[in-house]
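Undergrad: What follows is the file input_9.txt, containing compact mmCIF, C-alpha atoms:
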```
# COMPACT_ATOMS: atom_id res chain seq x y z
CA MET A 1 5.67 -2.55 14.89
CA GLN A 2 6.72 -6.07 13.97
CA ILE A 3 9.74 -6.46 11.66
CA VAL A 4 10.37 -9.75 9.88
CA VAL A 5 13.57 -10.40 7.91
CA GLY A 6 13.50 -13.49 5.74
CA GLU A 7 14.40 -15.13 2.45
CA SER A 8 10.89 -14.72 0.96
CA PRO A 9 9.44 -11.44 2.27
CA ALA A 10 6.86 -11.22 -0.53
CA THR A 11 5.47 -14.63 0.44
CA GLU A 12 5.50 -13.74 4.13
CA ALA A 13 3.73 -10.46 3.43
CA ALA A 14 1.11 -12.35 1.40
CA ASP A 15 0.61 -14.74 4.32
CA ARG A 16 -0.03 -11.80 6.64
CA LEU A 17 -2.51 -10.23 4.21
CA ALA A 18 -4.34 -13.53 3.83
CA PHE A 19 -4.52 -13.94 7.60
CA ARG A 20 -6.03 -10.47 8.01
CA LEU A 21 -8.56 -11.06 5.21
CA ARG A 22 -9.65 -14.43 6.60
CA ASP A 23 -10.01 -12.94 10.06
CA ALA A 24 -12.08 -10.02 8.76
CA VAL A 25 -14.47 -12.27 6.84
CA ARG A 26 -14.83 -14.53 9.87
CA ARG A 27 -15.54 -11.62 12.20
CA ARG A 28 -17.53 -9.23 10.00
CA GLY A 29 -18.59 -11.22 6.92
CA SER A 30 -16.46 -9.21 4.49
CA ALA A 31 -12.94 -7.85 4.10
CA SER A 32 -11.30 -4.82 2.50
CA VAL A 33 -7.68 -4.38 1.47
CA ALA A 34 -5.83 -1.54 -0.26
CA LEU A 35 -2.78 -2.52 -2.31
CA SER A 36 0.12 -0.37 -3.44
CA GLY A 37 2.04 -0.76 -6.69
CA GLY A 38 5.78 -0.89 -7.21
CA SER A 39 8.25 -3.63 -8.03
CA THR A 40 7.61 -5.72 -4.91
CA ALA A 41 3.83 -5.92 -5.36
CA PRO A 42 3.59 -8.46 -8.24
CA PRO A 43 5.38 -11.34 -6.44
CA MET A 44 3.36 -10.66 -3.31
CA ILE A 45 0.09 -10.68 -5.26
CA ALA A 46 1.16 -13.85 -7.09
CA ALA A 47 1.66 -15.53 -3.72
CA LEU A 48 -1.56 -14.11 -2.29
CA VAL A 49 -3.85 -15.49 -5.01
CA GLU A 50 -2.60 -19.02 -4.25
CA LEU A 51 -3.55 -18.83 -0.59
CA ASP A 52 -6.72 -19.91 1.16
CA VAL A 53 -8.76 -16.70 1.21
CA PRO A 54 -12.59 -16.38 1.11
CA TRP A 55 -12.36 -14.23 -2.00
CA ASP A 56 -16.09 -13.84 -2.52
CA GLY A 57 -16.14 -11.64 0.59
CA VAL A 58 -13.09 -9.52 -0.33
CA VAL A 59 -12.91 -6.12 -2.04
CA VAL A 60 -9.53 -4.83 -3.27
CA TRP A 61 -8.81 -1.10 -3.57
CA GLN A 62 -5.75 0.85 -4.61
CA VAL A 63 -3.51 2.81 -2.27
CA ASP A 64 -2.17 4.93 -5.11
CA GLU A 65 -2.12 5.16 -8.88
CA ARG A 66 -0.35 7.10 -11.60
CA VAL A 67 -2.45 9.31 -13.84
CA ALA A 68 -2.02 7.49 -17.15
CA PRO A 69 -4.29 5.81 -19.74
CA ASP A 70 -5.86 2.41 -19.17
CA GLY A 71 -3.46 -0.33 -20.24
CA SER A 72 -0.38 1.85 -19.79
CA ASP A 73 2.69 0.19 -18.29
CA ASP A 74 2.88 3.17 -15.96
CA ARG A 75 -0.32 2.10 -14.21
CA ASN A 76 -0.42 -0.02 -11.05
CA ALA A 77 -3.86 -1.37 -11.96
CA GLY A 78 -2.44 -4.07 -14.22
CA GLN A 79 -0.73 -5.64 -11.21
CA LEU A 80 -4.18 -6.40 -9.82
CA ASP A 81 -5.21 -8.53 -12.83
CA PRO A 82 -4.58 -11.88 -11.04
CA LEU A 83 -7.16 -10.83 -8.43
CA ARG A 84 -9.93 -9.81 -10.82
CA THR A 85 -11.21 -13.37 -11.35
CA ARG A 86 -11.32 -13.98 -7.59
CA CYS A 87 -12.83 -10.88 -6.04
CA GLU A 88 -14.10 -7.37 -6.63
CA VAL A 89 -11.36 -4.89 -7.58
CA ARG A 90 -11.94 -1.14 -7.29
CA PRO A 91 -9.24 0.76 -9.25
CA MET A 92 -8.68 4.46 -8.79
CA PRO A 93 -10.45 6.57 -11.46
CA VAL A 94 -7.35 8.25 -12.85
CA THR A 95 -8.68 8.51 -16.41
CA ALA A 96 -11.58 10.78 -15.39
CA THR A 97 -11.80 14.20 -17.00
CA ASP A 98 -12.30 15.88 -13.62
CA LEU A 99 -9.76 14.18 -11.38
CA ARG A 100 -10.65 16.11 -8.25
CA ALA A 101 -14.31 15.13 -8.53
CA ALA A 102 -13.26 11.54 -9.26
CA ALA A 103 -11.08 11.53 -6.14
CA ARG A 104 -14.03 12.73 -4.06
CA ARG A 105 -16.23 9.95 -5.45
CA TYR A 106 -13.57 7.31 -4.74
CA ALA A 107 -13.20 8.64 -1.21
CA ALA A 108 -16.96 8.49 -0.66
CA GLU A 109 -17.01 4.82 -1.67
CA LEU A 110 -14.12 3.71 0.56
CA PRO A 111 -14.91 1.37 3.46
CA ALA A 112 -15.27 3.06 6.83
CA ARG A 113 -12.09 1.28 7.89
CA PHE A 114 -9.76 -0.94 5.86
CA ASP A 115 -8.94 -4.30 7.35
CA VAL A 116 -5.40 -4.12 6.00
CA VAL A 117 -3.33 -1.77 3.83
CA HIS A 118 -0.23 -2.82 1.92
CA LEU A 119 2.60 -0.30 1.44
CA GLY A 120 5.96 -0.20 -0.28
CA VAL A 121 8.91 2.09 0.40
CA GLY A 122 10.75 4.13 -2.21
CA ASP A 123 14.48 4.82 -2.15
CA ASP A 124 13.58 8.40 -1.18
CA GLY A 125 11.38 7.29 1.71
CA HIS A 126 8.07 7.85 -0.04
CA THR A 127 5.15 5.52 0.44
CA ALA A 128 1.61 5.67 -0.97
CA SER A 129 2.77 8.39 -3.44
CA TRP A 130 3.40 10.83 -0.59
CA PRO A 131 6.26 12.92 -2.03
CA PRO A 132 9.07 14.03 0.31
CA ALA A 133 8.81 17.52 -1.21
CA GLU A 134 5.06 17.77 -0.50
CA PRO A 135 4.57 16.80 3.17
CA ASP A 136 1.04 18.20 3.22
CA VAL A 137 -0.20 15.46 0.85
CA ALA A 138 0.02 12.76 3.53
CA THR A 139 -1.66 14.89 6.17
CA SER A 140 -4.35 16.35 3.92
CA GLY A 141 -7.80 16.41 5.47
CA ARG A 142 -9.14 14.63 2.39
CA PRO A 143 -9.13 10.79 2.34
CA VAL A 144 -7.99 10.75 -1.30
CA GLU A 145 -5.57 13.36 -2.59
CA LEU A 146 -4.11 14.37 -5.94
CA VAL A 147 -0.35 14.71 -6.28
CA GLY A 148 1.49 16.88 -8.79
CA GLU A 149 4.09 15.34 -11.07
CA PHE A 150 6.08 12.88 -8.97
CA HIS A 151 8.71 10.65 -10.55
CA GLY A 152 7.41 11.62 -13.96
CA LEU A 153 3.62 11.49 -13.56
CA PRO A 154 0.80 12.97 -11.46
CA ARG A 155 -0.75 10.60 -8.93
CA MET A 156 -3.87 9.85 -6.93
CA THR A 157 -3.33 8.50 -3.42
CA LEU A 158 -4.92 7.59 -0.12
CA THR A 159 -3.80 9.88 2.69
CA ALA A 160 -2.46 9.07 6.14
CA SER A 161 -5.86 9.29 7.80
CA VAL A 162 -7.05 6.32 5.74
CA VAL A 163 -3.81 4.34 5.92
CA ASN A 164 -3.42 4.84 9.66
CA GLY A 165 -7.09 4.24 10.28
CA ALA A 166 -6.80 0.69 8.94
CA ARG A 167 -6.88 -2.19 11.38
CA SER A 168 -3.47 -3.32 10.17
CA ARG A 169 -0.68 -2.38 7.76
CA VAL A 170 1.82 -4.52 5.84
CA VAL A 171 5.02 -2.87 4.56
CA LEU A 172 7.17 -4.76 2.05
CA ALA A 173 10.66 -3.65 0.98
CA THR A 174 13.51 -5.58 -0.61
CA GLY A 175 16.99 -4.96 -1.95
CA ALA A 176 20.12 -3.17 -0.79
CA ARG A 177 18.95 0.16 -2.27
CA LYS A 178 16.21 0.27 0.37
CA ARG A 179 18.54 -0.35 3.27
CA PRO A 180 19.56 3.28 3.97
CA VAL A 181 16.00 4.59 3.98
CA ILE A 182 14.72 1.68 6.10
CA GLU A 183 17.44 2.47 8.62
CA ARG A 184 16.52 6.15 8.67
CA TRP A 185 12.86 5.22 9.16
CA LEU A 186 13.53 2.85 12.04
CA LEU A 187 15.77 5.43 13.68
CA GLY A 188 12.90 7.92 13.60
CA ASP A 189 13.73 10.29 10.74
CA ALA A 190 10.58 12.43 10.71
CA ASP A 191 11.39 13.92 7.29
CA LEU A 192 10.56 10.66 5.52
CA PRO A 193 6.99 10.21 4.26
CA ILE A 194 7.04 6.59 5.49
CA SER A 195 7.49 7.99 9.02
CA ARG A 196 3.89 9.21 8.86
CA VAL A 197 2.72 5.59 8.90
CA ARG A 198 1.40 4.45 12.25
CA ARG A 199 3.74 1.90 13.82
CA GLN A 200 1.17 0.12 15.95
CA ASP A 201 -0.37 -2.87 14.14
CA THR A 202 2.16 -2.50 11.31
CA TRP A 203 4.14 -5.48 10.01
CA VAL A 204 7.32 -4.85 8.02
CA TYR A 205 8.75 -7.57 5.76
CA LEU A 206 12.35 -7.23 4.56
CA ASP A 207 14.94 -9.39 2.89
CA GLU A 208 18.51 -9.50 4.21
CA PRO A 209 19.87 -6.84 1.81
CA ALA A 210 17.19 -4.36 2.93
CA ALA A 211 17.62 -5.04 6.65
CA PRO A 212 19.62 -2.28 8.39
CA ASP A 213 22.24 -2.66 11.10
CA VAL A 214 20.00 -1.24 13.82
CA PRO A 215 17.92 -2.96 16.49
CA LEU A 216 14.83 -4.37 14.80
CA HIS A 217 11.98 -3.74 17.23
```
Go ahead and express the file in the form of structure tokens.

TA:
Amino acid sequence: MQIVVGESPATEAADRLAFRLRDAVRRRGSASVALSGGSTAPPMIAALVELDVPWDGVVVWQVDERVAPDGSDDRNAGQLDPLRTRCEVRPMPVTATDLRAAARRYAAELPARFDVVHLGVGDDGHTASWPPAEPDVATSGRPVELVGEFHGLPRMTLTASVVNGARSRVVLATGARKRPVIERWLLGDADLPISRVRRQDTWVYLDEPAAPDVPLH
């Protein structure tokens, strides 16, 4: 795992995503990325759309989404709007009447292996809508799982098999409120959902307030 602490972690995370997408298109002719929501995603996406990326070969998917109506401020999908004029965007079907069937369809359409997956970290150590109180969600045998009410709303999420099966992962976390959980993660606290993320080929971007007082390696 590579940990980078800097003044502009969102920009640095965007640079890493762009590098992985360019490399995938060069090697395989197309690229796939799954993006998480959260407060750190919009500045990263804003930086990403300004970078040199062969967008016509890129497909963007969602890591997780809240079950809420289209256009709701609770949805992560709106954060992907800057990308919609550049590439294909595949939002999670959280407005479907039968959510479990919709999750199965989304899973069936996923790429065999993502080139890169972006993740955030919650103050409680969750990532990809894997709740600390429901450890089986992350390790479900299904690629896409439904989550009961979590922080106010039900969710749909990719599971660890998909996230860890990606060629690379980019984790972005900022702010002093994230510092304790980042420290617990780096020290190996297995109770945290983020600890289920594979460390190999994972890049972590932090600002100074989020960086813990532990060896960063």

Undergrad: Looking at all atoms listed in the file, which of A:Pro91, A:Gly148, A:Gly6, A:Pro131 is the one that sits closest to A:Asp207?

TA: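 With all atoms listed in the file as the atom set, the closest residue is A:Gly6.
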
Undergrad: What is the distance, in Å and to one decimal place, between atom CA of A:Thr159 and atom CA of A:Pro143?

TA: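 About the pair atom CA of A:Thr159 and atom CA of A:Pro143: they are 5.4 Å apart.
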
Undergrad: Where does stretch 49-82 of chain A meet stretch 96-112 of chain A within 10 Å, residue by residue, with the nearest atom pair and distance in Å to one decimal for each, counting all atoms listed in the file, listed by chain and rising number, as a Markdown table?

TA:
```
| residue | atom | partner | partner_atom | distance |
| --- | --- | --- | --- | --- |
| A:Val59 | CA | A:Pro111 | CA | 9.5 |
| A:Trp61 | CA | A:Leu110 | CA | 8.3 |
| A:Val67 | CA | A:Leu99 | CA | 9.1 |
| A:Pro69 | CA | A:Ala96 | CA | 9.8 |
```

Undergrad: Of the candidates A:Val60, A:Ala14, A:Ile45, A:Ala173, which shows the shortest atom-to-atom distance to A:Ser30, using only C-alpha atoms?

TA: A:Val60

Undergrad: Quick check, in Å to one decimal: how far apart do atom CA of A:Arg196 and atom CA of A:Ile3 lie?

TA: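 Calculated distance between atom CA of A:Arg196 and atom CA of A:Ile3 is 17.0 Å.
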
Undergrad: Could you tell me how far atom CA of A:Asp23 lies from atom CA of A:Trp130, in Å and to one decimal?

TA: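 Atom-to-atom, atom CA of A:Asp23 to atom CA of A:Trp130, that is 29.3 Å.
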
Undergrad: With all atoms listed in the file as the counted atoms, please give the residues lying no more than 9 Å from A:Thr139, apart from itself and same-chain residues fewer than 2 positions off, as a ChimeraX atom specification.

TA: /A:135-137,141-142,159-161,196
